[in-house]
Amino acid sequence: QVRLVESGGGLVQAGGSLRLSCAASGRAFNTYTMGWFRQAAGKEREFVAAITWGGSNTYYADSVKGRCTISRDNAENTASLQMNSLKPEDTAVYYCAAIQYGVGQALKEPHQYNYWGQGTQVTVSS
């Protein structure tokens, strides 16, 4: 069992930055691929980024590539998403998710993940 808690959301002006964090509790965090998803009001949940269990592979949605960086600290059981050059269309609830030994393009599918956090709101004003 893995429990995930996101933090770091808030209100920011367009062009600004935010760093989201996901704290994990439970065993063997270093065996879990971590993903970030977001869901805007009235829209489906969409993939943002993922990082494999050892940190050697990262994946990004085209919409955030070059603006976001996913990272993890296995010693601290945390995963982070640094978001720069934020746009109003980045406004959404952001969720972190975990899947054990996840790899590949399937990581872009929400149903691949076993564990989810409660989400943190990111609002970007124009």
# chains A, B, ... in the order shown; residues from 1 in each chain; ligands from 1
call {"tool": "residues_around", "arguments": {"residues": "Val48 of chain A", "least_positions_apart": "2", "cutoff": "7 Å", "atoms": "only C-alpha atoms", "output": "list in words"}}
result
Trp36, Phe37, Arg38, Glu46, Tyr60, Ala61 and Val64 of chain A
call {"tool": "closest_atom_pairs", "arguments": {"of": "segment 74-118 of chain A", "to": "segment 15-23 of chain A", "cutoff": "8 Å", "atoms": "only C-alpha atoms", "output": "CSV"}}
result
residue,atom,partner,partner_atom,distance
A:Asn77,CA,A:Ala23,CA,6.2
A:Thr78,CA,A:Ala23,CA,4.7
A:Ala79,CA,A:Cys22,CA,5.1
A:Ser80,CA,A:Ser21,CA,4.4
A:Leu81,CA,A:Leu20,CA,5.0
A:Gln82,CA,A:Arg19,CA,4.4
A:Met83,CA,A:Leu18,CA,5.3
A:Asn84,CA,A:Ser17,CA,4.4
A:Ser85,CA,A:Gly15,CA,4.1
A:Leu86,CA,A:Gly15,CA,4.9
A:Lys87,CA,A:Gly15,CA,6.4
A:Cys96,CA,A:Cys22,CA,6.4
call {"tool": "write_last_selection", "arguments": {"atoms": "all heavy atoms", "output": "CSV table (one decimal), in the first residue's frame"}}
result
chain,number,residue,atom,x,y,z
A,77,ASN,N,11.6,9.8,-0.3
A,77,ASN,CA,10.3,9.3,-0.7
A,77,ASN,C,9.4,10.4,-1.3
A,77,ASN,O,8.2,10.5,-1.0
A,77,ASN,CB,9.5,8.6,0.4
A,77,ASN,CG,10.0,7.2,0.7
A,77,ASN,OD1,11.1,6.8,0.2
A,77,ASN,ND2,9.3,6.4,1.5
A,78,THR,N,10.0,11.2,-2.2
A,78,THR,CA,9.2,12.3,-2.8
A,78,THR,C,9.4,12.3,-4.3
A,78,THR,O,10.5,11.9,-4.8
A,78,THR,CB,9.7,13.6,-2.2
A,78,THR,OG1,11.0,13.8,-2.4
A,78,THR,CG2,9.4,13.7,-0.7
A,79,ALA,N,8.4,12.8,-5.0
A,79,ALA,CA,8.5,13.1,-6.4
A,79,ALA,C,8.1,14.6,-6.6
A,79,ALA,O,7.2,15.0,-5.8
A,79,ALA,CB,7.6,12.2,-7.2
A,80,SER,N,8.7,15.2,-7.5
A,80,SER,CA,8.4,16.6,-7.7
A,80,SER,C,8.1,17.0,-9.2
A,80,SER,O,8.6,16.2,-10.1
A,80,SER,CB,9.5,17.5,-7.2
A,80,SER,OG,9.7,17.3,-5.8
A,81,LEU,N,7.4,18.0,-9.4
A,81,LEU,CA,7.1,18.5,-10.7
A,81,LEU,C,7.4,20.0,-10.7
A,81,LEU,O,6.6,20.8,-10.1
A,81,LEU,CB,5.7,18.2,-11.2
A,81,LEU,CG,5.4,18.7,-12.6
A,81,LEU,CD1,6.1,17.8,-13.6
A,81,LEU,CD2,3.9,18.6,-12.8
A,82,GLN,N,8.5,20.4,-11.3
A,82,GLN,CA,8.8,21.9,-11.5
A,82,GLN,C,8.1,22.4,-12.8
A,82,GLN,O,8.3,21.8,-13.8
A,82,GLN,CB,10.3,22.1,-11.6
A,82,GLN,CG,10.7,23.5,-11.8
A,82,GLN,CD,10.4,24.4,-10.6
A,82,GLN,OE1,10.6,24.0,-9.5
A,82,GLN,NE2,9.9,25.6,-10.9
A,83,MET,N,7.3,23.4,-12.6
A,83,MET,CA,6.5,23.9,-13.8
A,83,MET,C,6.9,25.4,-13.9
A,83,MET,O,6.8,26.2,-13.0
A,83,MET,CB,5.0,23.8,-13.5
A,83,MET,CG,4.6,22.4,-13.2
A,83,MET,SD,2.8,22.2,-13.2
A,83,MET,CE,2.4,23.2,-11.8
A,84,ASN,N,7.4,25.7,-15.1
A,84,ASN,CA,7.8,27.1,-15.5
A,84,ASN,C,7.0,27.6,-16.6
A,84,ASN,O,6.3,26.8,-17.3
A,84,ASN,CB,9.3,27.1,-15.9
A,84,ASN,CG,10.2,26.6,-14.8
A,84,ASN,OD1,10.0,26.8,-13.6
A,84,ASN,ND2,11.2,25.8,-15.1
A,85,SER,N,7.1,28.9,-16.8
A,85,SER,CA,6.3,29.5,-18.0
A,85,SER,C,4.9,29.1,-18.0
A,85,SER,O,4.3,28.7,-19.0
A,85,SER,CB,7.0,29.2,-19.3
A,85,SER,OG,8.4,29.6,-19.3
A,86,LEU,N,4.2,29.1,-16.8
A,86,LEU,CA,2.9,28.6,-16.7
A,86,LEU,C,1.9,29.5,-17.6
A,86,LEU,O,2.1,30.7,-17.7
A,86,LEU,CB,2.4,28.6,-15.3
A,86,LEU,CG,3.0,27.4,-14.5
A,86,LEU,CD1,2.9,27.7,-13.0
A,86,LEU,CD2,2.3,26.1,-14.8
A,87,LYS,N,0.9,28.8,-18.1
A,87,LYS,CA,-0.1,29.4,-18.9
A,87,LYS,C,-1.5,29.2,-18.3
A,87,LYS,O,-1.7,28.2,-17.5
A,87,LYS,CB,-0.1,28.7,-20.3
A,87,LYS,CG,1.2,28.7,-21.0
A,87,LYS,CD,1.1,27.9,-22.3
A,87,LYS,CE,2.5,27.8,-23.0
A,87,LYS,NZ,2.4,27.0,-24.2
A,96,CYS,N,-0.7,13.2,-8.2
A,96,CYS,CA,0.4,12.3,-8.4
A,96,CYS,C,-0.1,10.9,-8.3
A,96,CYS,O,-1.1,10.7,-7.7
A,96,CYS,CB,1.6,12.5,-7.5
A,96,CYS,SG,1.3,12.2,-5.8
call {"tool": "residues_around", "arguments": {"residues": "Arg27 of chain A", "least_positions_apart": "5", "cutoff": "12 Å", "atoms": "only C-alpha atoms", "output": "PyMOL selection string"}}
result
chain A and resi 1-4+32+74+77+100
call {"tool": "select_by_dssp", "arguments": {"residues": "chain A", "states": "strand (DSSP E or B)", "output": "ChimeraX atom specification"}}
result
/A:2-7,10-13,18-26,32-39,46-51,58-60,68-73,78-83,92-100,115-116,120-125
call {"tool": "closest_residue", "arguments": {"among": "A:Ala92, A:Ala75, A:Ala40, A:Met34", "to": "Pro110 of chain A", "atoms": "only C-alpha atoms"}}
result
A:Met34
call {"tool": "residues_around", "arguments": {"residues": "Gln39 of chain A", "least_positions_apart": "6", "cutoff": "9 Å", "atoms": "only C-alpha atoms", "output": "PyMOL selection string"}}
result
chain A and resi 45-47+91-95
call {"tool": "atom_distance", "arguments": {"atom1": "atom CA of Lys43 of chain A", "atom2": "atom CA of Gly9 of chain A"}}
result
18.9 Å
call {"tool": "closest_residue", "arguments": {"among": "A:Thr33, A:Ser7, A:Ser56, A:Ser25", "to": "Ala98 of chain A", "atoms": "only C-alpha atoms"}}
result
A:Thr33
call {"tool": "closest_residue", "arguments": {"among": "A:Thr31, A:Thr58, A:Ser126, A:Ser63", "to": "Leu107 of chain A", "atoms": "only C-alpha atoms"}}
result
A:Thr58
